[in-house]
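Read the structure below first, then the notes.
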There are 2 protein chains.
Amino acid sequence: MTGLASATAIVPSGGSWRGEVESGWDIFGNTNGGYLMAMTARAMSGAAGGRTPVTMTAHFTRPVRPGPVVVATEVVKEGRTFTTVRAVLTTGEGTHLAALGTLAAAEARGGEVTLVDSTLPDLPPPHECVRLQPAEDAPLPPPMMGKVEVWIHPEDADSLLGRGEGTPRIRGWFRPLDGETIDSFALLVAADAFPPAVFNAHLPLAWTPTLEMTTHVRADGASGWLRCQFTTRFVTGGYLEEDGELWDEQGRLVAQSRQLALVPR
Amino acid sequence: MTGLASATAIVPSGGSWRGEVESGWDIFGNTNGGYLMAMTARAMSGAAGGRTPVTMTAHFTRPVRPGPVVVATEVVKEGRTFTTVRAVLTTGEGTHLAALGTLAAAEARGGEVTLVDSTLPDLPPPHECVRLQPAEDAPLPPPMMGKVEVWIHPEDADSLLGRGEGTPRIRGWFRPLDGETIDSFALLVAADAFPPAVFNAHLPLAWTPTLEMTTHVRADGASGWLRCQFTTRFVTGGYLEEDGELWDEQGRLVAQSRQLALVPR
């Protein structure tokens, strides 16, 4: 195992699953939500006989620091095609996230494309974008940017520095560090690897706590770069949603995501 | 209690909750998912001391017929502002849905609007639209249309009859039958009360099984009409997503929804 697969590995342990949250996956000291979803999803997949996530939701209840975690899984229903599983990730501190997912075998997806009502996110080639790398003396870009490759559209990177137009949109490229295949678990990481799109909308560059995140895996087995776009359309009553679209190099939509977060203060 | 509140009522029963799924809420004989989410959410709200859903996800594992159901709830985390609860809805047949939600007191939402990057769904007044009413001698429109008021944009209603342009979009108005306030629970019903947007895209008018639905309640306490729009952008590999936006008469976004469904056959 390499890279993302190794970093999110779990092992069975007395009816539950144990993992070790690696250091360096944090933003303002809190471990990235997509990373935790991938680790939790591996345990759910283990409970589902190796089926992998089609749709997975996590509700985040408490920040996670590096160290050992336990994921307790429960199969809600095992069907011919789909298995529905719920899980909680805990440490000695208590419960950090609860998840609910429906999983399927790889054969149960990836067929015919009937309708695509969208165009690919508009992006220059990766190396004409701006790579996010961990800042040495500031909290942003966060340490997690040392764990994956994220390259941002120059216009959106300008906005991140307060020089932009204020459109809450982030477009960019994602790939694992070492060329590993982008499976369902890697997609859960990718869908939460970019800076919040509202950082481009003149809101504070501060911790933006996610209450809930749902990712739909529309195709897996991509390799190379993912072309990604994240947008926020509504910041109301202290909440915001962020919608993501992830495409592979062949122009396939591989994942959609939506999260509900609290407005950064 | 009247209307939707009465139809989705639950009572505590030995640590769980009991409800009675009313007849007449079905599509092709299967009880509507939004109706089941509202009933499940009432049980979750009971477990959360009356807090109501901010974001709720349900995974549907088995169709439900009218009759008694049991909702078992478990509080994952009770915080100062939010309570996270998980639930399963069961009958003698087994588990029909699993849900995960984060709930809050009414005071924890409804504040300042910072950004709205959208325009209201374009609709003529309700009574210039086409009301969906249950067909007497056909499965569609479904019996459920006798339980709520749903009026469809004339252009989209044309498409439903196979005369339209093939755009997978349904715009229309929703209101409860008897003028009750549209609380969080009613929004869960409204978000799943319209025909699938793909019915407008030359796909079969057939049962479109939802695997998972997530609804964000962005504001509650609306009254009167909801102005709604549902779109599908990707039909790939046997799956489709449908995104909903629900607005109140004051022009407030009150809910967003997304579901992942199987392509109708």
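Every chain in the structure tokens takes a letter, A first, then B, and so on in the order presented; its residues are numbered from 1, and the ligands are numbered from 1 following the presented order.
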
How close does each residue of chain A get to chain B, giving the shortest atom pair and distance in Å to one decimal for every residue with an atom at most 8 Å away, counting only C-alpha atoms, sorted by chain and residue number, as CSV?
residue,atom,partner,partner_atom,distance
A:Thr55,CA,B:Glu212,CA,7.3
A:Thr57,CA,B:Thr57,CA,7.3
A:His59,CA,B:Thr102,CA,7.3
A:Thr61,CA,B:Lys77,CA,6.7
A:Val76,CA,B:Thr95,CA,7.2
A:Lys77,CA,B:Thr61,CA,6.7
A:Thr84,CA,B:His59,CA,7.4
A:Thr95,CA,B:Lys77,CA,7.1
A:Ala98,CA,B:Val76,CA,7.2
A:Ala99,CA,B:Leu100,CA,7.6
A:Leu100,CA,B:Leu100,CA,6.9
A:Gly101,CA,B:His59,CA,7.6
A:Thr102,CA,B:His59,CA,7.3
A:Arg109,CA,B:Gly237,CA,5.3
A:Gly110,CA,B:Gly237,CA,4.5
A:Gly111,CA,B:Gly237,CA,3.8
A:Glu112,CA,B:Gly237,CA,4.9
A:Val113,CA,B:Thr236,CA,4.2
A:Thr114,CA,B:Val235,CA,5.4
A:Leu115,CA,B:Val235,CA,4.9
A:Val116,CA,B:Phe234,CA,4.7
A:Asp117,CA,B:Arg233,CA,4.7
A:Ser118,CA,B:Arg233,CA,6.7
A:Leu211,CA,B:Thr102,CA,7.6
A:Glu212,CA,B:Thr55,CA,7.3
A:Thr214,CA,B:Thr214,CA,8.0
A:His216,CA,B:Leu260,CA,7.6
A:Arg218,CA,B:Thr236,CA,7.3
A:Ala219,CA,B:Gly237,CA,7.8
A:Thr232,CA,B:Asp117,CA,8.0
A:Arg233,CA,B:Asp117,CA,4.7
A:Phe234,CA,B:Val116,CA,4.7
A:Val235,CA,B:Leu115,CA,4.9
A:Thr236,CA,B:Val113,CA,4.2
A:Gly237,CA,B:Gly111,CA,3.8
A:Gly238,CA,B:Gly111,CA,6.5
A:Tyr239,CA,B:Arg218,CA,7.7
A:Leu260,CA,B:His216,CA,7.6

Keeping C-alpha atoms for every residue in the selection just given, could you write it to a file as an mmCIF file, in the first residue's frame?
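Okay, out26.cif is ready:
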data_model
loop_
_atom_site.group_PDB
_atom_site.id
_atom_site.type_symbol
_atom_site.label_atom_id
_atom_site.label_comp_id
_atom_site.auth_asym_id
_atom_site.auth_seq_id
_atom_site.Cartn_x
_atom_site.Cartn_y
_atom_site.Cartn_z
ATOM 1 C CA THR A 55 -22.923 7.386 -1.599
ATOM 2 C CA THR A 57 -22.559 10.863 4.367
ATOM 3 C CA HIS A 59 -21.694 14.142 10.299
ATOM 4 C CA THR A 61 -19.233 16.053 15.900
ATOM 5 C CA VAL A 76 -28.137 -2.085 8.114
ATOM 6 C CA LYS A 77 -29.091 -4.151 5.061
ATOM 7 C CA THR A 84 -26.059 -0.134 3.568
ATOM 8 C CA THR A 95 -17.473 10.101 19.108
ATOM 9 C CA ALA A 98 -21.056 9.265 12.419
ATOM 10 C CA ALA A 99 -21.410 7.960 8.880
ATOM 11 C CA LEU A 100 -24.011 6.265 6.731
ATOM 12 C CA GLY A 101 -23.202 4.762 3.355
ATOM 13 C CA THR A 102 -24.506 2.566 0.590
ATOM 14 C CA ARG A 109 -21.373 1.069 -11.685
ATOM 15 C CA GLY A 110 -19.536 2.634 -14.556
ATOM 16 C CA GLY A 111 -21.944 1.774 -17.379
ATOM 17 C CA GLU A 112 -23.601 3.867 -20.019
ATOM 18 C CA VAL A 113 -23.655 7.664 -19.986
ATOM 19 C CA THR A 114 -27.133 8.858 -20.900
ATOM 20 C CA LEU A 115 -26.992 12.554 -20.091
ATOM 21 C CA VAL A 116 -24.352 15.054 -19.079
ATOM 22 C CA ASP A 117 -25.673 18.586 -18.738
ATOM 23 C CA SER A 118 -22.479 20.356 -17.854
ATOM 24 C CA LEU A 211 -21.448 19.754 9.910
ATOM 25 C CA GLU A 212 -22.159 17.194 7.216
ATOM 26 C CA THR A 214 -22.121 13.743 1.328
ATOM 27 C CA HIS A 216 -21.502 10.412 -4.478
ATOM 28 C CA ARG A 218 -20.075 8.193 -9.859
ATOM 29 C CA ALA A 219 -17.119 6.235 -11.290
ATOM 30 C CA THR A 232 -20.965 27.998 -2.796
ATOM 31 C CA ARG A 233 -24.211 29.671 -3.783
ATOM 32 C CA PHE A 234 -25.894 30.392 -0.481
ATOM 33 C CA VAL A 235 -24.424 31.817 2.713
ATOM 34 C CA THR A 236 -27.482 32.299 4.908
ATOM 35 C CA GLY A 237 -28.300 32.204 8.602
ATOM 36 C CA GLY A 238 -24.763 31.215 9.576
ATOM 37 C CA TYR A 239 -24.630 28.216 7.221
ATOM 38 C CA LEU A 260 -23.064 21.963 4.896
#

Which residues come within 12 Å of Ala157 (chain A), counting only C-alpha atoms, excluding same-chain residues fewer than 2 positions away, as an mmCIF file with C-alpha atoms, in the first residue's frame?
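Result written to selection-v8.cif:
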data_model
loop_
_atom_site.group_PDB
_atom_site.id
_atom_site.type_symbol
_atom_site.label_atom_id
_atom_site.label_comp_id
_atom_site.auth_asym_id
_atom_site.auth_seq_id
_atom_site.Cartn_x
_atom_site.Cartn_y
_atom_site.Cartn_z
ATOM 1 C CA GLU A 128 0.155 26.601 -15.272
ATOM 2 C CA CYS A 129 -1.868 26.644 -12.050
ATOM 3 C CA VAL A 130 -0.707 27.582 -8.566
ATOM 4 C CA ARG A 131 0.312 24.708 -6.338
ATOM 5 C CA LEU A 132 -0.810 24.936 -2.729
ATOM 6 C CA PRO A 141 -2.153 26.752 3.200
ATOM 7 C CA VAL A 150 -3.561 20.516 -5.289
ATOM 8 C CA TRP A 151 -3.053 23.121 -8.020
ATOM 9 C CA ILE A 152 -5.471 26.070 -8.156
ATOM 10 C CA HIS A 153 -6.668 28.070 -11.160
ATOM 11 C CA PRO A 154 -4.568 31.284 -11.137
ATOM 12 C CA GLU A 155 -7.689 33.483 -11.028
ATOM 13 C CA SER A 159 -8.894 35.586 -4.955
ATOM 14 C CA LEU A 160 -7.544 33.447 -2.132
ATOM 15 C CA LEU A 161 -5.016 36.203 -1.528
ATOM 16 C CA GLY A 162 -7.734 38.838 -1.414
ATOM 17 C CA ARG A 163 -6.995 40.186 -4.881
ATOM 18 C CA GLY A 164 -9.852 38.463 -6.675
ATOM 19 C CA GLU A 165 -13.352 39.186 -7.773
ATOM 20 C CA GLY A 166 -15.120 37.641 -4.783
ATOM 21 C CA THR A 167 -16.756 34.751 -6.625
ATOM 22 C CA PRO A 168 -17.116 31.808 -4.238
ATOM 23 C CA ARG A 169 -15.621 29.285 -6.602
ATOM 24 C CA ILE A 170 -12.405 27.252 -6.512
ATOM 25 C CA ARG A 171 -11.238 25.369 -9.592
ATOM 26 C CA GLY A 172 -8.176 23.205 -9.587
ATOM 27 C CA PHE A 194 -9.545 22.117 -1.596
ATOM 28 C CA PRO A 195 -9.801 25.394 0.338
ATOM 29 C CA PRO A 196 -13.405 26.432 1.007
ATOM 30 C CA ALA A 197 -14.856 28.236 -2.002
ATOM 31 C CA PHE A 199 -12.487 31.976 0.982
ATOM 32 C CA ASN A 200 -12.933 33.667 -2.385
#

Problem set entry | Residue list (strand (DSSP E), DSSP) for region 28-259 of chain A, as a ChimeraX atom specification | /A:30-31,52-60,67-78,82-91,94-104,113-116,130-131,148-152,169-176,210-217,226-231,234-236,239-247,253-259

Taking the DSSP secondary structure from the backbone, can you list the residues of region 57-204 of chain B that are alpha helix (DSSP H), as an mmCIF file with C-alpha atoms, in the first residue's frame?
data_model
loop_
_atom_site.group_PDB
_atom_site.id
_atom_site.type_symbol
_atom_site.label_atom_id
_atom_site.label_comp_id
_atom_site.auth_asym_id
_atom_site.auth_seq_id
_atom_site.Cartn_x
_atom_site.Cartn_y
_atom_site.Cartn_z
ATOM 1 C CA PRO B 154 -46.778 24.638 -17.923
ATOM 2 C CA GLU B 155 -43.607 24.102 -19.993
ATOM 3 C CA ASP B 156 -42.418 21.355 -17.671
ATOM 4 C CA ALA B 157 -45.860 19.770 -17.506
ATOM 5 C CA ASP B 158 -45.806 19.611 -21.316
ATOM 6 C CA SER B 159 -42.533 17.742 -21.129
ATOM 7 C CA LEU B 160 -44.017 15.320 -18.615
ATOM 8 C CA SER B 184 -38.538 21.411 8.961
ATOM 9 C CA PHE B 185 -40.608 18.249 8.709
ATOM 10 C CA ALA B 186 -42.886 19.654 6.002
ATOM 11 C CA LEU B 187 -39.771 20.721 4.062
ATOM 12 C CA LEU B 188 -38.562 17.114 4.052
ATOM 13 C CA VAL B 189 -41.865 16.169 2.404
ATOM 14 C CA ALA B 190 -41.802 19.077 -0.061
#

Exercise. In terms of the shortest atom-to-atom distance over only C-alpha atoms, which of B:Arg80, B:Arg227, B:Arg18, B:Arg51 is closest to Pro125 (chain B)?
Worked result: B:Arg227

Problem set entry | Distance criterion (only C-alpha atoms): nearest to Thr73 (chain B) out of B:Ala193, B:Ala43, B:Asp178, B:Gly49 |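 Of B:Ala193, B:Ala43, B:Asp178, B:Gly49, the one nearest Thr73 (chain B) is B:Ala43, counting only C-alpha atoms.
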
For this session: Please provide as a PyMOL selection string all residues within 6 Å of region 68-72 of chain B, with the sequence filter that same-chain residues fewer than 2 positions apart are discarded (counting only C-alpha atoms).
Result: chain B and resi 16-20+87-91

Let's have the selection written as a JSON list (two decimals), in the first residue's frame, with N, CA, C and O atoms.
[["chain", "number", "residue", "atom", "x", "y", "z"],
["B", 16, "SER", "N", -38.35, 3.42, 21.86],
["B", 16, "SER", "CA", -38.39, 3.73, 20.43],
["B", 16, "SER", "C", -39.60, 4.62, 20.16],
["B", 16, "SER", "O", -40.13, 5.24, 21.08],
["B", 17, "TRP", "N", -39.98, 4.66, 18.91],
["B", 17, "TRP", "CA", -41.09, 5.51, 18.49],
["B", 17, "TRP", "C", -41.95, 4.70, 17.53],
["B", 17, "TRP", "O", -41.44, 3.94, 16.72],
["B", 18, "ARG", "N", -43.27, 4.89, 17.65],
["B", 18, "ARG", "CA", -44.18, 4.18, 16.74],
["B", 18, "ARG", "C", -44.95, 5.18, 15.90],
["B", 18, "ARG", "O", -45.35, 6.24, 16.37],
["B", 19, "GLY", "N", -45.14, 4.83, 14.64],
["B", 19, "GLY", "CA", -45.95, 5.66, 13.75],
["B", 19, "GLY", "C", -46.82, 4.77, 12.89],
["B", 19, "GLY", "O", -46.67, 3.53, 12.90],
["B", 20, "GLU", "N", -47.71, 5.38, 12.15],
["B", 20, "GLU", "CA", -48.61, 4.64, 11.28],
["B", 20, "GLU", "C", -48.49, 5.28, 9.89],
["B", 20, "GLU", "O", -48.87, 6.44, 9.72],
["B", 87, "ALA", "N", -30.95, 6.84, 13.13],
["B", 87, "ALA", "CA", -32.23, 6.16, 13.29],
["B", 87, "ALA", "C", -32.39, 5.09, 12.22],
["B", 87, "ALA", "O", -31.78, 5.16, 11.16],
["B", 88, "VAL", "N", -33.20, 4.09, 12.54],
["B", 88, "VAL", "CA", -33.65, 3.14, 11.52],
["B", 88, "VAL", "C", -35.17, 3.01, 11.64],
["B", 88, "VAL", "O", -35.72, 3.04, 12.75],
["B", 89, "LEU", "N", -35.82, 2.88, 10.49],
["B", 89, "LEU", "CA", -37.26, 2.65, 10.45],
["B", 89, "LEU", "C", -37.49, 1.19, 10.05],
["B", 89, "LEU", "O", -36.99, 0.74, 9.01],
["B", 90, "THR", "N", -38.21, 0.47, 10.89],
["B", 90, "THR", "CA", -38.41, -0.95, 10.65],
["B", 90, "THR", "C", -39.89, -1.33, 10.73],
["B", 90, "THR", "O", -40.71, -0.61, 11.31],
["B", 91, "THR", "N", -40.20, -2.49, 10.11],
["B", 91, "THR", "CA", -41.49, -3.17, 10.31],
["B", 91, "THR", "C", -41.15, -4.64, 10.52],
["B", 91, "THR", "O", -39.96, -5.01, 10.56]]

Problem set entry | Close residues, Gly251 (chain A) itself excluded, 10 Å, only C-alpha atoms, min 5 positions apart in chain, as a PyMOL selection string | chain A and resi 119-120+226-227+246

Just the selected residues (N, CA, C and O atoms), exported as a compact mmCIF listing (two decimals), in the first residue's frame, please.
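That gives us selection26.txt:
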# COMPACT_ATOMS: atom_id res chain seq x y z
N THR A 119 -20.42 21.36 -18.55
CA THR A 119 -19.14 21.36 -19.24
C THR A 119 -18.04 21.14 -18.21
O THR A 119 -18.23 21.37 -17.02
N LEU A 120 -16.91 20.67 -18.67
CA LEU A 120 -15.77 20.46 -17.78
C LEU A 120 -15.38 21.77 -17.12
O LEU A 120 -15.42 22.83 -17.76
N LEU A 226 -7.30 14.77 -11.37
CA LEU A 226 -8.73 15.08 -11.32
C LEU A 226 -8.92 16.57 -11.54
O LEU A 226 -8.20 17.40 -10.95
N ARG A 227 -9.90 16.89 -12.39
CA ARG A 227 -10.25 18.28 -12.69
C ARG A 227 -11.46 18.62 -11.82
O ARG A 227 -12.50 17.97 -11.94
N LEU A 246 -16.04 16.49 -9.55
CA LEU A 246 -14.70 15.97 -9.83
C LEU A 246 -14.76 15.15 -11.10
O LEU A 246 -15.61 14.25 -11.24

Exercise. Can you tell me how far CA of Gly221 (chain A) sits from CA of Val148 (chain A), in Å to one decimal?
Worked result: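 For CA of Gly221 (chain A) relative to CA of Val148 (chain A), the distance reads 17.5 Å.
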
For this session: Rounded to one decimal place, report the CA of Pro142 (chain B)-CA of Met39 (chain B) distance in Å.
Result: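 About the pair CA of Pro142 (chain B) and CA of Met39 (chain B): they are 19.9 Å apart.
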
For this session: Grab the CA of Phe174 (chain B) to CA of Pro53 (chain B) distance for me, in Å with one decimal place.
Result: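 Those two atoms sit 19.9 Å apart.
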